[in-house]
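*Asks:* Mind having a look at this structure? Questions to follow.
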Amino acid sequence: MNKFLITFLLLQSFYSEASQLVVFPVSTEIDKSAFIPYVITEMSFSPSSLTLLTNKENTSFENAHTSLFINTDIPTSDSSVKFQLVIVENEAQCYDIYKDPIETSRTFSHLFIDDIELFIGEFIPIEFNESENGSKFFRQQMTLSFEDFPDKAASCSGKFDLYSELSL
């Protein structure tokens, strides 16, 4: 009788442990510098701010242009490293004559580099096109284009948040 009782207690113990939920949290941070030993030392636009002109029909803005400059510490001899661009945010808002916001299309403004449109969240791979002081450098004109103004628009403003990162 002692043997049966001991066996029953062991089975009950295994059954209880099998039904327990254990949470084992795991997290990590990825240090991209461990993969690519180089950095983007500067990213800038020239001009860095644009005042837009309206087209002859006063229905939209004329295309505007700025140049993107990206400096790195990548030696010109290293052909393995490229970079990519992505729009993180594209904001545009138009206002009536009373400065009240009016509904503005999410696709009101567009940004192009080398005739390729950049979209939010879509990375565009790009190769460096120049070198300066023994390091890779990028210079390219960017074009902003616009759809027709919303009805009753008296002014508009907006911004693009552009992100660049090195890639292999």
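Every chain in the structure tokens takes a letter, A first, then B, and so on in the order presented; its residues are numbered from 1, and the ligands are numbered from 1 following the presented order.
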Would you kindly return, as a ChimeraX atom specification, each protein, DNA or RNA residue with an atom no farther than 7 Å from any atom of A:Asp96, considering only C-alpha atoms and excluding same-chain residues fewer than 5 positions away?
*Replies:* /A:101-102,152-155
*Asks:* Next, the residues of the selection above should be written as a compact mmCIF listing (two decimals), in the first residue's frame with C-alpha atoms.
*Replies:*
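Written out: selection_11.txt:
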# COMPACT_ATOMS: atom_id res chain seq x y z
CA PRO A 101 -6.53 73.48 -41.31
CA ILE A 102 -8.36 72.00 -44.28
CA LYS A 152 -10.08 76.89 -50.30
CA ALA A 153 -6.33 76.57 -49.60
CA ALA A 154 -4.64 79.90 -48.88
CA SER A 155 -1.32 78.51 -47.54
*Asks:* Which residues are near stretch 68-84 of chain A? Cut-off 7 Å, only C-alpha atoms, ignore same chain within fewer than 3 positions. Put them as a compact mmCIF listing (two decimals) with N, CA and C atoms, in the first residue's frame.
*Replies:*
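Contents of the output file selection-v2.txt:
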# COMPACT_ATOMS: atom_id res chain seq x y z
N TYR A 38 32.06 51.70 -40.42
CA TYR A 38 32.08 53.08 -40.90
C TYR A 38 30.81 53.81 -40.46
N VAL A 39 30.81 55.12 -40.60
CA VAL A 39 29.65 55.93 -40.22
C VAL A 39 29.39 57.01 -41.26
N ILE A 40 28.16 57.49 -41.26
CA ILE A 40 27.80 58.68 -42.01
C ILE A 40 28.18 59.85 -41.11
N THR A 41 29.09 60.67 -41.57
CA THR A 41 29.58 61.77 -40.73
C THR A 41 28.73 63.02 -40.86
N GLU A 42 28.03 63.16 -41.99
CA GLU A 42 27.18 64.33 -42.17
C GLU A 42 26.13 64.04 -43.23
N MET A 43 24.94 64.55 -43.00
CA MET A 43 23.86 64.48 -43.99
C MET A 43 23.21 65.85 -43.98
N SER A 44 23.14 66.49 -45.16
CA SER A 44 22.58 67.83 -45.20
C SER A 44 21.94 68.10 -46.55
N PHE A 45 21.14 69.16 -46.58
CA PHE A 45 20.51 69.63 -47.81
C PHE A 45 20.97 71.05 -48.09
N SER A 46 21.06 71.36 -49.36
CA SER A 46 21.37 72.72 -49.75
C SER A 46 20.52 73.09 -50.95
N PHE A 123 12.79 51.43 -48.41
CA PHE A 123 14.20 51.78 -48.56
C PHE A 123 14.61 51.73 -50.03
N ILE A 124 15.37 52.73 -50.45
CA ILE A 124 15.91 52.81 -51.81
C ILE A 124 17.42 52.63 -51.70
N PRO A 125 17.98 51.55 -52.26
CA PRO A 125 19.44 51.37 -52.20
C PRO A 125 20.14 52.34 -53.15
N ILE A 126 21.20 52.96 -52.68
CA ILE A 126 21.91 53.98 -53.46
C ILE A 126 23.41 53.76 -53.31
N GLU A 127 24.15 53.99 -54.38
CA GLU A 127 25.60 53.88 -54.33
C GLU A 127 26.22 55.27 -54.22
N PHE A 128 27.34 55.35 -53.56
CA PHE A 128 28.05 56.62 -53.45
C PHE A 128 28.53 57.02 -54.84
N SER A 131 33.97 61.02 -54.26
CA SER A 131 34.87 60.85 -53.13
C SER A 131 35.50 62.20 -52.81
N GLY A 134 39.70 61.17 -49.72
CA GLY A 134 39.91 59.74 -49.56
C GLY A 134 38.71 58.98 -49.03
N SER A 135 37.57 59.65 -48.82
CA SER A 135 36.36 58.99 -48.30
C SER A 135 35.22 59.12 -49.29
N LYS A 136 34.29 58.18 -49.20
CA LYS A 136 33.12 58.21 -50.09
C LYS A 136 32.16 59.32 -49.70
N PHE A 137 31.52 59.87 -50.73
CA PHE A 137 30.68 61.04 -50.58
C PHE A 137 29.52 60.88 -51.56
N PHE A 138 28.38 61.47 -51.23
CA PHE A 138 27.23 61.40 -52.12
C PHE A 138 26.66 62.80 -52.29
N ARG A 139 26.36 63.14 -53.54
CA ARG A 139 25.73 64.42 -53.85
C ARG A 139 24.73 64.16 -54.96
N GLN A 140 23.48 64.56 -54.74
CA GLN A 140 22.45 64.33 -55.76
C GLN A 140 21.33 65.34 -55.58
N GLN A 141 20.79 65.80 -56.68
CA GLN A 141 19.64 66.70 -56.62
C GLN A 141 18.38 65.91 -56.28
N MET A 142 17.55 66.50 -55.44
CA MET A 142 16.26 65.92 -55.10
C MET A 142 15.18 66.87 -55.59
N SER A 164 18.80 57.91 -43.56
CA SER A 164 19.78 57.18 -44.36
C SER A 164 20.56 56.25 -43.44
N GLU A 165 20.96 55.10 -44.00
CA GLU A 165 21.78 54.18 -43.25
C GLU A 165 22.71 53.45 -44.18
N LEU A 166 23.85 53.05 -43.66
CA LEU A 166 24.81 52.28 -44.44
C LEU A 166 24.31 50.86 -44.58
N SER A 167 24.66 50.23 -45.68
CA SER A 167 24.23 48.85 -45.91
C SER A 167 25.33 48.11 -46.67
N LEU A 168 25.33 46.80 -46.52
CA LEU A 168 26.30 45.95 -47.23
C LEU A 168 25.70 45.41 -48.50
*Asks:* Which residues are close to A:Leu111, i.e. within 12 Å by only C-alpha atoms, leaving aside same-chain residues fewer than 2 positions away? Reply as a ChimeraX atom specification.
*Replies:* /A:63-68,85-87,89-91,107-109,113-120,141-147,159-162
*Asks:* Just list the residues in chain A DSSP gives strand (DSSP E or B) on the backbone, as a ChimeraX atom specification.
*Replies:* /A:40-46,54,61,64-75,82-95,101-102,109-113,116-120,122,124-126,130-132,135-146,155-167
*Asks:* Can you list, as a short mmCIF file (atom, residue, chain, number, x, y, z; two decimals) with all heavy atoms, in the first residue's frame, all residues belonging to chain A that DSSP tags as alpha helix (DSSP H)?
*Replies:*
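Saved to states25.cif:
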data_model
loop_
_atom_site.label_atom_id
_atom_site.label_comp_id
_atom_site.auth_asym_id
_atom_site.auth_seq_id
_atom_site.Cartn_x
_atom_site.Cartn_y
_atom_site.Cartn_z
N ASN A 2 1.98 1.23 0.62
CA ASN A 2 2.87 2.37 0.61
C ASN A 2 3.38 2.67 -0.80
O ASN A 2 3.53 3.81 -1.17
CB ASN A 2 4.06 2.12 1.53
CG ASN A 2 3.65 2.23 2.99
OD1 ASN A 2 2.61 2.79 3.28
ND2 ASN A 2 4.46 1.71 3.87
N LYS A 3 3.65 1.65 -1.61
CA LYS A 3 4.13 1.84 -2.97
C LYS A 3 3.10 2.56 -3.84
O LYS A 3 3.43 3.42 -4.61
CB LYS A 3 4.49 0.51 -3.61
CG LYS A 3 5.74 -0.10 -3.05
CD LYS A 3 6.06 -1.37 -3.78
CE LYS A 3 7.25 -2.04 -3.15
NZ LYS A 3 7.59 -3.26 -3.80
N PHE A 4 1.86 2.22 -3.76
CA PHE A 4 0.80 2.84 -4.55
C PHE A 4 0.66 4.32 -4.21
O PHE A 4 0.54 5.15 -5.07
CB PHE A 4 -0.53 2.11 -4.31
CG PHE A 4 -1.66 2.73 -5.05
CD1 PHE A 4 -1.79 2.58 -6.42
CD2 PHE A 4 -2.60 3.51 -4.38
CE1 PHE A 4 -2.80 3.17 -7.11
CE2 PHE A 4 -3.63 4.10 -5.07
CZ PHE A 4 -3.74 3.94 -6.44
N LEU A 5 0.71 4.62 -2.95
CA LEU A 5 0.56 5.99 -2.51
C LEU A 5 1.72 6.86 -3.00
O LEU A 5 1.51 7.95 -3.49
CB LEU A 5 0.49 6.03 -0.97
CG LEU A 5 0.29 7.40 -0.35
CD1 LEU A 5 -1.00 8.04 -0.85
CD2 LEU A 5 0.25 7.29 1.16
N ILE A 6 2.91 6.36 -2.95
CA ILE A 6 4.07 7.11 -3.42
C ILE A 6 3.97 7.34 -4.92
O ILE A 6 4.20 8.44 -5.41
CB ILE A 6 5.38 6.37 -3.06
CG1 ILE A 6 5.56 6.40 -1.54
CG2 ILE A 6 6.56 6.99 -3.75
CD1 ILE A 6 6.69 5.55 -1.05
N THR A 7 3.59 6.36 -5.69
CA THR A 7 3.45 6.48 -7.14
C THR A 7 2.38 7.51 -7.47
O THR A 7 2.56 8.34 -8.34
CB THR A 7 3.09 5.12 -7.75
OG1 THR A 7 4.06 4.17 -7.36
CG2 THR A 7 3.04 5.20 -9.25
N PHE A 8 1.29 7.50 -6.81
CA PHE A 8 0.21 8.45 -7.04
C PHE A 8 0.67 9.88 -6.78
O PHE A 8 0.40 10.78 -7.55
CB PHE A 8 -0.99 8.09 -6.16
CG PHE A 8 -2.11 9.07 -6.29
CD1 PHE A 8 -2.93 9.09 -7.41
CD2 PHE A 8 -2.35 10.01 -5.30
CE1 PHE A 8 -3.95 9.99 -7.55
CE2 PHE A 8 -3.37 10.91 -5.42
CZ PHE A 8 -4.18 10.92 -6.54
N LEU A 9 1.40 10.10 -5.73
CA LEU A 9 1.91 11.43 -5.41
C LEU A 9 2.90 11.92 -6.47
O LEU A 9 2.91 13.08 -6.84
CB LEU A 9 2.55 11.45 -4.02
CG LEU A 9 1.59 11.27 -2.85
CD1 LEU A 9 2.36 11.18 -1.53
CD2 LEU A 9 0.61 12.44 -2.80
N LEU A 10 3.74 11.05 -6.99
CA LEU A 10 4.68 11.43 -8.03
C LEU A 10 3.95 11.81 -9.32
O LEU A 10 4.28 12.79 -9.97
CB LEU A 10 5.68 10.30 -8.30
CG LEU A 10 6.76 10.11 -7.24
CD1 LEU A 10 7.59 8.88 -7.55
CD2 LEU A 10 7.64 11.34 -7.15
N LEU A 11 2.94 11.04 -9.71
CA LEU A 11 2.18 11.35 -10.90
C LEU A 11 1.45 12.69 -10.76
O LEU A 11 1.41 13.49 -11.68
CB LEU A 11 1.17 10.24 -11.20
CG LEU A 11 1.77 8.93 -11.72
CD1 LEU A 11 0.67 7.88 -11.86
CD2 LEU A 11 2.46 9.15 -13.06
N GLN A 12 0.92 12.92 -9.59
CA GLN A 12 0.24 14.18 -9.36
C GLN A 12 1.24 15.35 -9.44
O GLN A 12 0.94 16.40 -9.98
CB GLN A 12 -0.43 14.15 -7.99
CG GLN A 12 -1.24 15.40 -7.71
CD GLN A 12 -1.92 15.34 -6.35
OE1 GLN A 12 -1.70 14.43 -5.56
NE2 GLN A 12 -2.73 16.35 -6.08
N SER A 13 2.40 15.15 -8.95
CA SER A 13 3.43 16.18 -9.01
C SER A 13 3.82 16.49 -10.46
O SER A 13 3.94 17.62 -10.85
CB SER A 13 4.65 15.71 -8.21
OG SER A 13 5.69 16.62 -8.37
N PHE A 14 4.00 15.50 -11.32
CA PHE A 14 4.31 15.72 -12.73
C PHE A 14 3.16 16.40 -13.45
O PHE A 14 3.37 17.27 -14.28
CB PHE A 14 4.63 14.38 -13.43
CG PHE A 14 5.97 13.82 -13.06
CD1 PHE A 14 6.08 12.51 -12.66
CD2 PHE A 14 7.10 14.60 -13.11
CE1 PHE A 14 7.31 11.98 -12.31
CE2 PHE A 14 8.33 14.09 -12.77
CZ PHE A 14 8.44 12.78 -12.36
N TYR A 15 1.95 16.01 -13.14
CA TYR A 15 0.79 16.61 -13.77
C TYR A 15 0.71 18.10 -13.43
O TYR A 15 0.47 18.93 -14.28
CB TYR A 15 -0.49 15.88 -13.33
CG TYR A 15 -1.72 16.46 -13.96
CD1 TYR A 15 -2.05 16.18 -15.28
CD2 TYR A 15 -2.55 17.31 -13.23
CE1 TYR A 15 -3.17 16.74 -15.87
CE2 TYR A 15 -3.67 17.87 -13.81
CZ TYR A 15 -3.98 17.57 -15.12
OH TYR A 15 -5.09 18.13 -15.68
N SER A 16 0.97 18.47 -12.20
CA SER A 16 0.91 19.87 -11.79
C SER A 16 1.97 20.70 -12.50
O SER A 16 1.72 21.80 -12.94
CB SER A 16 1.12 20.00 -10.28
OG SER A 16 0.09 19.35 -9.60
N GLU A 17 3.19 20.18 -12.62
CA GLU A 17 4.26 20.93 -13.27
C GLU A 17 4.01 21.07 -14.77
O GLU A 17 4.38 22.06 -15.37
CB GLU A 17 5.60 20.25 -13.03
CG GLU A 17 6.06 20.42 -11.59
CD GLU A 17 7.39 19.74 -11.35
OE1 GLU A 17 8.00 19.23 -12.31
OE2 GLU A 17 7.81 19.73 -10.21
N ALA A 18 3.37 20.11 -15.38
CA ALA A 18 3.13 20.17 -16.82
C ALA A 18 2.12 21.25 -17.18
O ALA A 18 2.10 21.71 -18.31
CB ALA A 18 2.66 18.81 -17.32
#
*Asks:* To one decimal place, how far is atom CA of A:Tyr95 from atom CA of A:Tyr163 in Å?
*Replies:*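 These two atoms are separated by 27.8 Å.
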*Asks:* Rounded to one decimal place, report the atom CA of A:Gly158-atom CA of A:Leu53 distance in Å.
*Replies:*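 Straight-line distance from atom CA of A:Gly158 to atom CA of A:Leu53 works out to 14.2 Å.
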*Asks:* Just to confirm, what's the straight-line distance from atom CA of A:Ser48 to atom CA of A:Pro150 in Å (one decimal)?
*Replies:*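 So the two atoms, atom CA of A:Ser48 and atom CA of A:Pro150, lie 25.8 Å apart.
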*Asks:* Smallest atom-to-atom distance to A:Glu103: which of A:Ile36, A:Asp151, A:Val26, A:Thr59, using only C-alpha atoms?
*Replies:*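 For A:Glu103, the nearest of the candidates is A:Asp151.
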